Amino acid sequence: MYVRRNIRASHVFNDSWRFLLAVGFWSGLIVYLFKFQDAEFLAVPFLPVSTIGIAVALYLGFKSNSSYGRWWEARQIWGAIINDSRSWGNMVCHLVHDESGRVDHGAQRDLIRRHIAWVNALAYQLRITTRLKVKQETRIFDYRRDMEHHDFHQRKESYLRYLESEEIEIVEKCTNPATQILRLQGAEIRDLTLDGQLDTYREVAMTDMISRFYDSQGKCERIDKTPFPRQIAFFGTVFTWLFVVLLPFGFLDAFQKEVGQHNLVGWIADDYMFALVPFVMLISWVFYIMEKVSDSTEDPFEGGVHDVPVSALSTTIEIDLKQMIGMDDVPEPLKPIGDVLY
Amino acid sequence: MYVRRNIRASHVFNDSWRFLLAVGFWSGLIVYLFKFQDAEFLAVPFLPVSTIGIAVALYLGFKSNSSYGRWWEARQIWGAIINDSRSWGNMVCHLVHDESGRVDHGAQRDLIRRHIAWVNALAYQLRITTRLKVKQETRIFDYRRDMEHHDFHQRKESYLRYLESEEIEIVEKCTNPATQILRLQGAEIRDLTLDGQLDTYREVAMTDMISRFYDSQGKCERIDKTPFPRQIAFFGTVFTWLFVVLLPFGFLDAFQKEVGQHNLVGWIADDYMFALVPFVMLISWVFYIMEKVSDSTEDPFEGGVHDVPVSALSTTIEIDLKQMIGMDDVPEPLKPIGDVLY
Amino acid sequence: MYVRRNIRASHVFNDSWRFLLAVGFWSGLIVYLFKFQDAEFLAVPFLPVSTIGIAVALYLGFKSNSSYGRWWEARQIWGAIINDSRSWGNMVCHLVHDESGRVDHGAQRDLIRRHIAWVNALAYQLRITTRLKVKQETRIFDYRRDMEHHDFHQRKESYLRYLESEEIEIVEKCTNPATQILRLQGAEIRDLTLDGQLDTYREVAMTDMISRFYDSQGKCERIDKTPFPRQIAFFGTVFTWLFVVLLPFGFLDAFQKEVGQHNLVGWIADDYMFALVPFVMLISWVFYIMEKVSDSTEDPFEGGVHDVPVSALSTTIEIDLKQMIGMDDVPEPLKPIGDVLY
Amino acid sequence: MYVRRNIRASHVFNDSWRFLLAVGFWSGLIVYLFKFQDAEFLAVPFLPVSTIGIAVALYLGFKSNSSYGRWWEARQIWGAIINDSRSWGNMVCHLVHDESGRVDHGAQRDLIRRHIAWVNALAYQLRITTRLKVKQETRIFDYRRDMEHHDFHQRKESYLRYLESEEIEIVEKCTNPATQILRLQGAEIRDLTLDGQLDTYREVAMTDMISRFYDSQGKCERIDKTPFPRQIAFFGTVFTWLFVVLLPFGFLDAFQKEVGQHNLVGWIADDYMFALVPFVMLISWVFYIMEKVSDSTEDPFEGGVHDVPVSALSTTIEIDLKQMIGMDDVPEPLKPIGDVLY
Amino acid sequence: MYVRRNIRASHVFNDSWRFLLAVGFWSGLIVYLFKFQDAEFLAVPFLPVSTIGIAVALYLGFKSNSSYGRWWEARQIWGAIINDSRSWGNMVCHLVHDESGRVDHGAQRDLIRRHIAWVNALAYQLRITTRLKVKQETRIFDYRRDMEHHDFHQRKESYLRYLESEEIEIVEKCTNPATQILRLQGAEIRDLTLDGQLDTYREVAMTDMISRFYDSQGKCERIDKTPFPRQIAFFGTVFTWLFVVLLPFGFLDAFQKEVGQHNLVGWIADDYMFALVPFVMLISWVFYIMEKVSDSTEDPFEGGVHDVPVSALSTTIEIDLKQMIGMDDVPEPLKPIGDVLY
C-alpha cells in the first residue's frame with residue numbers, strides 16, 4: 001500500500017519515461033515520413049480514432065471498476081480477519097472457564113498462539129504464489145516486491161515459530177497448512193469441552209468462529225488463485241496500445257488541416273507538424289496510465305506497491321491479541337519502506 | 001479458467017482470423033464498388049456511424065458488467081462451498097462425540113465420504129447441461145470443452161464411486177441426486193443424535209450447515225439454469241455486427257475527404273482509399289473482441305475456457321477433507337490442459 | 001424466460017416491423033419535403049443530434065442497469081425460496097421426532113403439503129396483478145401472457161388444492177392468503193412442541209425458517225408492488241422517441257453535405273437523399289431495441305416472455321419435496337411453450 | 001409513489017412549462033441579438049458545448065445511480081420491516097406459551113398493539129422532517145405533500161392511539177419515541193420470561209427480533225437524516241443549468257453554418273435562425289428532466305410523489321398483524337390520491 | 001456533513017476564485033501570445049482535446065463512484081453502531097437478571113457507561129489521524145476542521161471521562177484503547193454469568209453483540225487506515241489539470257475558425273478571441289468541480305466538511321442510551337457550526 005497522499009514525481013517518472021520516449025520516437029517517425037518522404041497517405045481522419053479512443057476509455061472504465069472491486073473485497077476480507085481475531089481474543093479470555101469460574105490459562109495462551117500462527121500461515125501462503133519480480137527502485141505500477149525483510153512473509157518461519165514441534169509435524173505433511181492449524185484449534189475446543197471448560201453452547205459458539213476463519217481463508221484463496229479474468233485484462237492492454245499506435249496517424253491529419261487554415265509555410269509549417277509529438281505523448285500517456293491504474297488493483301495479494309499490506313495487518317493482529325491476553329513479547333507495528341507498506 | 005498471465009498470440013489468432021478475413025473482404029468490396037463502379041452514393045457521413053459506435057460501446061459495457069457479475073458470483077458460490085466443506089470437516093471431527101468423548105469413527109468417515117459425493121454430484125449436474133461443442137484447438141472465445149478426461153465430471157461415476165450401493169439405489173430414482181445426498185446426510189445426523197453422539201444443540205448446528213449446502217447448490221443451479229437474459233446478450237451481438245457492417249461506408253466518406261484535402265490523384269488516390277481496409281479491420285476487431293469478452297463470462301458452468309474450474313475445485317475439497325480426517329487415498333491436484341484449468 | 005440461445009428472427013420481426021415502417025415513412029416524408037417542397041430549413045446540424053443520442057444512450061444504460069438489477073434480485077429471491085424449501089424438507093424429515101426417535105408421519109406430510117400450498121399461493125398472488133395483455137404470437141418485447149394453461153398460476157385452485165377444507169376457510173377470509181398459510185405452519189410447530197416432537201431449541205430453529213419464508217415472500221411483494229420508478233422508465237421511452245423523431249432532420253444535413261462533396265446532381269442526388277431512409281431506420285432501431293431491452297427486465301413477476309418463471313420453479317420445489325418425503329404424485333417439470341418458460 | 005404506468009401528460013406539463021418558456025425566451029433573445037444587433041461574437045463553436053454536454057450527462061448518470069440506490073435501499077428497509085413484522089406476529093402467536101401450552105392472550109395483544117404503535121411512530125418521525133411544501137396540483141418532480149389526510153402520519157395521534165396512557169407518559173418524555181416503544185417491548189419480553197411464558201431460549205429469539213427492528217429503524221433514520229451529499233446534488237443542478245445557458249450560443253454557430261451551406265438569404269435566413277429555438281428547448285428539456293429524475297429518488301422519506309409510501313406500508317402491516325391475531329378493527333388499505341400513493 | 005440544502009454561493013466562491021483567476025490568466029496569456037506575438041502554432045485542433053475531455057470525465061465518473069461507495073459504507077457502519085448500541089441498551093436492561101428477576105443496577109450502568117466510553121474512544125481514534133488543516137472560513141472542498149469545540153473528539157478526555165481510574169490505567173497502556181474497552185465489557189459479562197445474572201445462553205447472546213462492535217470498529221479502522229488507492233485519486237487530479245491546461249490551445253483553433261467564418265476583422269476579431277477566456281473558465285471550472293466532488297467523499301473520517309459526523313452520532317447514542325436506562329445527565333444534540341455538522 002502506497003502511503004503518501006501525493007505520489008512522488010520521481011516514482012511516476014520511473015514508470016513513465018520509457019513509455020514517453022517510445023511514443024515520442026514513434027510519432028516523430030510518422031511526422032518525418034509524412035513531411036519529408038511524401039508519405040501523405042499516412043494521414044487518417046481523426047474522428048474514427050476519437051471513436052475508438054472513447055470505446056477504449058469505456059472499456060478501461062469497466063476494467064477499473066471490476067478490479068477495484070476485487071481489491072476492496074480483498075481488503076474487506078482482511079478487515080474481517082482482524083475483527084474476528086479480536087472477537088476470538090475476547091471469547092478465549094471470557095468464555096473459556098468451568099462452572100465455578102476457574103480458567104485454564106495454558107489452554108487460553110495456546111488458542112491465541114495458534115491463532116497468530118494461522119494468520120501468519122495464511123499471509124505466507126498468499127504471498128508465495130506471486131508473479132512479481134524484485135525491483136530495487138520504487139515504482140508506482142511496475143510492482144516491486146520486498147525480499148530483504150524476512151518478516152514480510154517470505155519464509156515459512158513466519159508462522160512455524162508460533163507452533164510447537166508436534167504441531168509442526170502434523171501441519172508440514174499437508175497441502176494446506178493454514179487449514180490444518182484451524183483443525184487443531186477445533187480439536188482443542190473439543191478437548192476443553194470434555195474437560196468442562198466449555199459447555200455445549202459455548203463450544204458451538206467457538207466452533208462458529210472457526211467456521212468464520214475458514215470462510216475468510218477461503219475468500220482470500222479465491223481471490224489469490226482465481227486471477228482477474230485474463231481475457232478482460234489482456235485485451236484492455238492490447239486496446240490501449242492499439243489506440244496509442246493509431247494516435248499519430250489521426251493527429252497528422254488534424255494538424256495538417258491547421259497548417260492549411262493558418263497559411264503556415266516553410267519551416268514554420270514543418271516545425272508546426274512536429275508540435276504534434278508532445279500532444280501525442282500527453283494523450284497517449286493519459287491512456288497508458290489509465291490502463292496501468294485499472295491493472296494496479298487486479299491481484300491484491302502479490303506484495304506489490306498497491307496490494308493489501310497483509311504483513312502489516314498480521315502484525316496488528318498479533319499486537320492486539322498479545323495485549324489482550326497480557327503477553328509480553330508485543331512486536332512493533334511494521335513501518336513503510338520507500339513509501340510502501342507491505 | 002485460462003491460467004497464463006498473457007494470452008498466447010496463437011490462441012487469439014485461432015479466434016480472430018476468420019473474422020478479420022471477412023471484414024477485410026467486405027470493406028475491400030465496398031471500396032472497389034465506390035472507386036471503380038462509380039457507386040459514390042455508398043459514402044455516408046462518419047458522425048452518425050461514430051454515434052452508433054459509442055452507443056454500442058456503452059451497451060457492451062453494460063453487458064460486460066452484468067455478465068462479469070454472474071461469473072464472479074458463480075466463483076464466490078464455489079468459494080463458499082470450499083469454505084463450508086472445511087467447516088463441515090472440522091465439525092465432523094470435533095462436534096461428533098458422546099458425553100464422555102467417545103467417537104464413532106465409521107460415522108465420521110461416512111459423513112466425509114458422502115460430502116465428497118455431493119460435491120462431485122453437484123459438479124456433474126452443472127456440467128451436463130452445456131451447450132458447448134468439443135474443439136481440438138485451444139481458443140479464447142469459441143469455447144472448448146474437454147471430453148477426454150473422465151475426472152472432469154462428464155460421467156456419473158465421478159460421484160457414484162463415493163456412494164454405497166443402497167445409497168446409489170435411493171439417489172438414482174430421483175430427479176436431483178445432489179439434493180437427495182444431502183437428505184441422507186440429514187438422516188445420519190438424526191441417527192447420531194438418537195445414538196447420543198450429538199446433543200440437540202450440536203444437531204441443529206450441523207443441520208444449519210446442511211442448509212448452507214442446499215443454499216450453495218441452489219445458487220449454482222440458479223446461475224446454470226437461468227441463462228443470462230437472451231435479449232441482452234443477443235442484441236449485443238446484433239448491434240456489434242451492425243456497427244461492423246456500417247463501418248466501411250462511414251470510412252469511405254472520411255477517406256474521400258482526405259483525398260480531396262491532400263490533392264491526391266491517380267493511382268495514389270485509389271491506393272489511399274484501399275488503406276481504409278486495415279483501419280476498418282482494426283476498429284471492427286476491437287468491437288468484435290469487446291463483444292466476445294462481454295460474452296465470455298456469461299455462463300460460468302459450461303466447462304469452457306473462461307468458466308469456473310469446478311473439477312479442480314472439487315479435487316481441492318477432496319484433498320483437504322481427506323487430509324483432515326486422515327484418509328490415505330488423497331488425489332493429486334488437477335493440472336491445466338492447454339493452458340486451461342477445468 | 002426465453003429459453004433458446006439465439007432469439008428467432010421471426011420473434012424479433014413481430015416486434016419490429018411496425019416500428020420500422022413508421023420510421024421509414026417519417027424519414028421518407030422529411031426527405032420529400034426537403035427535396036421537392038424546398039423545405040431547406042428542415043436540415044439541422046448533426047452534432048447536437050449526436051450529443052443528444054449519446055446522452056440518451058447513457059440514460060438507457062442507467063435504466064438497463066437498474067432494471068436488470070431488479071430482475072436478478074427477483075430471480076435470487078426465488079432461488080432462496082427453492083433452497084430454503086429443500087432445507088425445510090430436510091428439517092421436517094429429520095428434526096421432527098420425540099426423544100426416543102418416534103416420528104409423527106402425518107404431521108410431517110402436513111408440513112410439506114402446506115409448504116407446497118404456500119409456494120403456489122405466493123406464485124398466484126404475484127401473477128394476478130399483471131398489466132399484460134394476452135398475445136397469440138410470440139414476441140420478444142411486447143409481452144405475452146399464457147392464459148390457457150391453468151397450472152400457470154392463473155387460478156386460485158393452484159394452491160387451494162393443497163389445503164384442507166378448514167384451512168381454506170381460514171385463509172379465504174384474509175387479505176393475504178400466503179401470510180396466513182405460514183401462520184398455520186407456525187401453529188403446527190407449536191403443537192408439535194407441546195406434543196414433545198420438538199424441543200424448544202428445534203422449535204426455534206424451525207420458526208427461524210418460517211421467518212425466512214416471510215422474508216422471501218415480502219421481498220417478492222416488494223418488487224411486485226413497487227414498480228420500477230415510473231419517472232425513470234417513462235422518460236427513457238420519451239427520450240428515445242424524441243431522438244428517433246429528430247434523427248432524420250440531422251441526417252438531412254449530413255447527407256446534403258455529401259451531395260455537395262461528391263458533386264452529385266439531378267436524380268442521382270435525389271436518390272442519394274432517399275438513401276438516408278434505411279440508415280435512419282437502422283440507427284433508430286438500435287435505440288428502439290436498447291430501450292425495449294432496458295424495459296424488458298423491469299417488472300419480473302408479470303408472466304411475460306423475459307420474466308422469472310415462477311410456475312416452473314414452483315413445480316421444481318414440489319418435485320423435490322415430494323421425492324424427499326417419499327410421496328407418490330410427483331408432477332412432471334413444466335415445458336416451455338413457444339420457446340418461453342412461464 | 002406514482003402508481004400509473006404512464007405518467008399523465010398534464011402532470012409532466014405542470015413541471016415543464018415554466019422551464020420551456022424561460023429557455024424559449026432566452027434562446028430567442030440570443031438569436032435576436034445575433035441577427036438584428038450584429039452581435040456576431042455571440043456564436044461559439046458547438047464542439048466544446050457538446051463535450052460539456054457529454055460530461056454533464058455522465059455526471060447525471062453517476063448522480064442518478066447513487067440516488068436510485070438510496071431510494072431502493074429505503075424501499076428494502078421498509079420491506080424488511082414488513083417481513084419482520086409478520087415474523088413477529090408468528091412468534092407472538094406461537095412462541096409465547098408456558099410449558100403446558102397455556103397462553104397469555106392479553107400479553108400477546110399488547111405485543112402486537114405496541115408493535116403497530118412502533119411502526120406508526122417510525123413513519124411519523126421520518127415524515128416530520130420534510131422540506132417539501134404543500135402543492136395543490138399533482139406534479140412529477142416538484143414534490144407534493146399531502147397534508148389533508150391525517151392518517152398519512154402528519155400527526156402524533158397516528159401512533160399515540162395505539163399506546164396506553166402510562167406508556168404515552170414514558171414515551172413523550174424522550175427524544176426518540178420509537179426507540180423507547182421498542183424498549184417497552186423488551187421489558188414485556190423479560191416479564192413474560194419471569195412469568196414462565198418464555199424460556200431463556202425463546203426469550204433470546206424474541207430479543208433478536210427486537211434488535212432487527214432497532215436495525216431497520218436506524219437504517220431509516222440514517223437515510224432520513226443524512227441527506228444525499230449536497231455537493232454531488234447541488235453541482236449536478238448547477239452543471240445542467242450551465243449547459244442549458246450555453247446551448248443557444250453553440251447553436252447559433254451551428255445554424256449559421258447551415259445558412260451558409262444552403263445559401264439561404266433574407267427573411268428565410270432570419271426565420272431559419274429562429275428555428276433553433278425549438279431545438280434548444282427540446283435538448284435543454286432532455287437535460288432538465290434527466291437532472292430532475294436523478295433528483296427525484298434522492299430523499300425517499302419526505303412524502304413526495306416518488307417517495308417510499310410509508311403510510312400505505314404501515315397500513316399493510318396493521319392489516320396483516322390484526323388478521324393474524326384475530327382482531328376485529330382491521331383498516332382498509334390506503335388508496336392513491338391523484339395517482340400518488342403516500 | 002454540510003446541512004444546508006443549497007450550498008451558499010459564498011462557500012463555493014471561497015473554493016473557486018483562485019482557480020478561476022489562474023485559468024483566466026493562463027488562457028488570456030495564450031490568446032495574447034497567439035494574436036499579438038504571432039504564435040500561430042499554439043492552436044491545436046479541438047477534437048483530440050474533446051476526446052481527452054470525455055476520457056477524463058469517464059475516469060472521474062469511476063473515481064466518484066468508488067469514493068462515494070466508501071463514504072456511504074462509512075455512514076452505514078456508524079448507522080450499525082447506533083442500531084447495535086440501542087440493541088445493547090435493550091439487552092442490558094432486560095436480559096441481565098437472575099432467575100428470580102432480581103437485577104444488578106450497578107452492573108447495568110457500568111455496561112452502559114463503558115459502552116459510551118467505547119463509542120467516544122472510537123470516534124477519537126478515527127479523528128486523530130487527520131491530514132486536514134484548520135481553516136477559518138467555511139469552504140466546500142478545501143476541508144475545514146473544527147479545533148475549538150472540545151467535544152468534537154479532539155481530546156482524550158472525550159472518552160476517558162466515562163472510565164473509572166483503574167480502567168483508565170489498563171486502557172492507557174495499550175496501543176488501541178477501544179479494543180481494550182470492549183475486552184473489559186467481555187470480562188464484566190463473564191463475571192455476571194458467574195454471579196448468576198446471566199445464563200450461558202444469554203451470555204453468548206451478549207458476547208455476540210460485543211463481536212458485532214469489534215466488527216464495526218474494525219470496519220471503521222479499515223476505511224480510516226486504508227486510504228482510497230492513491231494511484232486512482234492522484235491521477236484523477238493530474239488528468240483534470242492536464243485537460244485544463246490543454247483547453248485554451250484547443251479553443252484558440254475553434255474560435256479562430258469562427259473569426260474566419262463570420263469575417264470578423266480588426267479589433268472586433270481580437271476582442272472575439274478574448275471571448276474564449278470566459279468559456280475556458282466555465283468549462284475548466286466544471287471539470288475542476290467534478291474532480292473535487294469525486295475527491296470530497298474519499299476519506300470520510302477526517303472531520304472535514306463532507307465527512308461522516310461521528311461527533312454528532314456519538315452524542316445521539318449517548319442520549320438514547322442514557323434515556324433508556326434512566327440516567328439524568330442527558331446531553332444536548334450537537335449543532336452545526338457554519339452549516340457543517342461534525
# chains A, B, ... in the order shown; residues from 1 in each chain; ligands from 1
>>> residues_around(residues="Thr226 (chain C)", least_positions_apart="6", cutoff="9 Å", atoms="only C-alpha atoms", output="ChimeraX atom specification")
/D:1,3,75,308
>>> residues_around(residues="region 5-15 of chain A", least_positions_apart="2", cutoff="10 Å", atoms="only C-alpha atoms", output="list of chain:residue names")
A:Tyr2, A:Val3, A:Trp17, A:Arg18, A:Phe19, A:Leu20, A:Glu137, A:Thr138, A:Arg139, A:Ile140, A:Phe141, A:Asp142, A:Tyr143, A:Ile289, A:Lys292, A:Asp339, E:Arg131, E:Pro227, E:Phe228, E:Pro229, E:Arg230, E:Gln231, E:Ala233, E:Phe234, E:Phe235
>>> interface_residues(of="chain B", to="chain C", cutoff="7 Å", atoms="only C-alpha atoms", output="number ranges by chain")
B: 41, 45, 51-52, 55, 58-59, 62, 174, 180, 183, 186-187, 190, 194, 204, 211, 214-215, 218-219, 222, 230-232, 234, 239
>>> write_last_selection(atoms="N, CA, C and O atoms", output="mmCIF file, in the first residue's frame")
data_model
loop_
_atom_site.group_PDB
_atom_site.id
_atom_site.type_symbol
_atom_site.label_atom_id
_atom_site.label_comp_id
_atom_site.auth_asym_id
_atom_site.auth_seq_id
_atom_site.Cartn_x
_atom_site.Cartn_y
_atom_site.Cartn_z
ATOM 1 N N PHE B 41 -22.662 6.926 -54.135
ATOM 2 C CA PHE B 41 -23.723 7.076 -53.142
ATOM 3 C C PHE B 41 -23.498 6.183 -51.919
ATOM 4 O O PHE B 41 -24.227 6.264 -50.945
ATOM 5 N N PRO B 45 -21.900 9.935 -44.076
ATOM 6 C CA PRO B 45 -21.072 10.705 -43.145
ATOM 7 C C PRO B 45 -20.668 9.846 -41.938
ATOM 8 O O PRO B 45 -21.414 8.967 -41.508
ATOM 9 N N THR B 51 -21.598 7.927 -33.661
ATOM 10 C CA THR B 51 -22.614 7.951 -32.601
ATOM 11 C C THR B 51 -23.075 6.542 -32.265
ATOM 12 O O THR B 51 -23.153 6.142 -31.097
ATOM 13 N N ILE B 52 -23.380 5.769 -33.344
ATOM 14 C CA ILE B 52 -23.848 4.416 -33.107
ATOM 15 C C ILE B 52 -22.737 3.586 -32.460
ATOM 16 O O ILE B 52 -22.997 2.735 -31.587
ATOM 17 N N ALA B 55 -22.741 4.357 -28.782
ATOM 18 C CA ALA B 55 -23.900 3.724 -28.155
ATOM 19 C C ALA B 55 -23.665 2.224 -27.985
ATOM 20 O O ALA B 55 -23.975 1.652 -26.936
ATOM 21 N N LEU B 58 -21.267 1.592 -25.173
ATOM 22 C CA LEU B 58 -21.948 1.726 -23.882
ATOM 23 C C LEU B 58 -22.762 0.474 -23.569
ATOM 24 O O LEU B 58 -22.750 -0.035 -22.453
ATOM 25 N N TYR B 59 -23.467 -0.031 -24.595
ATOM 26 C CA TYR B 59 -24.281 -1.224 -24.403
ATOM 27 C C TYR B 59 -23.403 -2.414 -24.027
ATOM 28 O O TYR B 59 -23.730 -3.185 -23.122
ATOM 29 N N PHE B 62 -22.399 -2.263 -20.428
ATOM 30 C CA PHE B 62 -23.465 -2.768 -19.561
ATOM 31 C C PHE B 62 -23.480 -4.291 -19.574
ATOM 32 O O PHE B 62 -23.550 -4.938 -18.515
ATOM 33 N N CYS B 174 -34.224 -40.475 -8.144
ATOM 34 C CA CYS B 174 -34.727 -39.102 -8.012
ATOM 35 C C CYS B 174 -34.228 -38.201 -9.132
ATOM 36 O O CYS B 174 -33.211 -38.469 -9.775
ATOM 37 N N GLN B 180 -30.745 -35.267 -2.851
ATOM 38 C CA GLN B 180 -31.029 -36.457 -2.053
ATOM 39 C C GLN B 180 -29.820 -36.891 -1.231
ATOM 40 O O GLN B 180 -29.968 -37.423 -0.126
ATOM 41 N N ARG B 183 -29.982 -35.035 1.802
ATOM 42 C CA ARG B 183 -31.010 -35.565 2.700
ATOM 43 C C ARG B 183 -30.477 -36.772 3.475
ATOM 44 O O ARG B 183 -30.760 -36.948 4.668
ATOM 45 N N GLY B 186 -28.649 -35.576 6.336
ATOM 46 C CA GLY B 186 -29.588 -35.194 7.390
ATOM 47 C C GLY B 186 -30.046 -36.401 8.208
ATOM 48 O O GLY B 186 -30.140 -36.336 9.444
ATOM 49 N N ALA B 187 -30.311 -37.515 7.506
ATOM 50 C CA ALA B 187 -30.754 -38.714 8.210
ATOM 51 C C ALA B 187 -29.664 -39.225 9.150
ATOM 52 O O ALA B 187 -29.927 -39.631 10.291
ATOM 53 N N ARG B 190 -29.577 -37.173 12.272
ATOM 54 C CA ARG B 190 -30.630 -37.556 13.211
ATOM 55 C C ARG B 190 -30.268 -38.841 13.951
ATOM 56 O O ARG B 190 -30.417 -38.949 15.172
ATOM 57 N N LEU B 194 -29.886 -39.529 17.998
ATOM 58 C CA LEU B 194 -30.599 -40.540 18.779
ATOM 59 C C LEU B 194 -29.617 -41.489 19.463
ATOM 60 O O LEU B 194 -29.903 -42.043 20.518
ATOM 61 N N VAL B 204 -28.603 -29.208 15.730
ATOM 62 C CA VAL B 204 -29.100 -28.071 14.951
ATOM 63 C C VAL B 204 -27.953 -27.362 14.247
ATOM 64 O O VAL B 204 -28.079 -26.930 13.097
ATOM 65 N N SER B 211 -28.148 -26.854 5.589
ATOM 66 C CA SER B 211 -28.934 -25.805 4.930
ATOM 67 C C SER B 211 -28.037 -24.919 4.074
ATOM 68 O O SER B 211 -28.426 -24.484 2.985
ATOM 69 N N TYR B 214 -27.418 -26.718 0.861
ATOM 70 C CA TYR B 214 -28.584 -26.567 -0.017
ATOM 71 C C TYR B 214 -28.563 -25.192 -0.676
ATOM 72 O O TYR B 214 -28.884 -25.039 -1.850
ATOM 73 N N ASP B 215 -28.197 -24.211 0.122
ATOM 74 C CA ASP B 215 -28.112 -22.846 -0.375
ATOM 75 C C ASP B 215 -27.148 -22.719 -1.539
ATOM 76 O O ASP B 215 -27.485 -22.174 -2.590
ATOM 77 N N GLY B 218 -28.368 -24.544 -4.619
ATOM 78 C CA GLY B 218 -29.451 -23.840 -5.293
ATOM 79 C C GLY B 218 -28.938 -22.622 -6.046
ATOM 80 O O GLY B 218 -29.404 -22.305 -7.140
ATOM 81 N N LYS B 219 -27.931 -21.940 -5.460
ATOM 82 C CA LYS B 219 -27.378 -20.766 -6.142
ATOM 83 C C LYS B 219 -26.687 -21.163 -7.440
ATOM 84 O O LYS B 219 -26.796 -20.473 -8.452
ATOM 85 N N ARG B 222 -29.320 -21.919 -9.918
ATOM 86 C CA ARG B 222 -29.926 -20.678 -10.411
ATOM 87 C C ARG B 222 -29.142 -20.105 -11.584
ATOM 88 O O ARG B 222 -29.716 -19.740 -12.613
ATOM 89 N N ARG B 230 -31.531 -13.557 -22.596
ATOM 90 C CA ARG B 230 -31.186 -13.714 -24.014
ATOM 91 C C ARG B 230 -31.322 -12.419 -24.775
ATOM 92 O O ARG B 230 -30.574 -12.162 -25.721
ATOM 93 N N GLN B 231 -32.305 -11.579 -24.412
ATOM 94 C CA GLN B 231 -32.483 -10.347 -25.165
ATOM 95 C C GLN B 231 -31.255 -9.444 -25.007
ATOM 96 O O GLN B 231 -30.807 -8.821 -25.973
ATOM 97 N N ILE B 232 -30.677 -9.403 -23.799
ATOM 98 C CA ILE B 232 -29.495 -8.558 -23.594
ATOM 99 C C ILE B 232 -28.326 -9.088 -24.405
ATOM 100 O O ILE B 232 -27.653 -8.354 -25.129
ATOM 101 N N PHE B 234 -28.230 -11.330 -26.977
ATOM 102 C CA PHE B 234 -28.436 -11.456 -28.409
ATOM 103 C C PHE B 234 -28.290 -10.114 -29.116
ATOM 104 O O PHE B 234 -27.604 -9.988 -30.133
ATOM 105 N N PHE B 239 -26.017 -5.733 -32.469
ATOM 106 C CA PHE B 239 -25.575 -4.345 -32.605
ATOM 107 C C PHE B 239 -24.126 -4.284 -33.065
ATOM 108 O O PHE B 239 -23.747 -3.455 -33.886
#
>>> residues_around(residues="region 152-169 of chain B", least_positions_apart="5", cutoff="8 Å", atoms="only C-alpha atoms", output="list in words")
Arg113, Arg114, Ile116, Ala117, Trp118, Val119, Asn120, Ala121, Ala123, Tyr124, Arg127, Ile128, Asp146, Met147, Ser311 and Tyr342 of chain B
>>> closest_residue(among="A:Lys63, A:Arg102, A:Arg145, A:His115", to="Ala178 (chain A)", atoms="only C-alpha atoms")
A:His115
>>> select_by_dssp(residues="region 135-234 of chain D", states="helix (DSSP H, G or I)", output="PyMOL selection string")
chain D and resi 157-160+165-172+177-194+200-225+230-234
>>> atom_distance(atom1="CA of Leu21 (chain B)", atom2="CA of Ile30 (chain A)")
27.2 Å
>>> atom_distance(atom1="CA of Arg109 (chain C)", atom2="CA of Met327 (chain C)")
8.7 Å
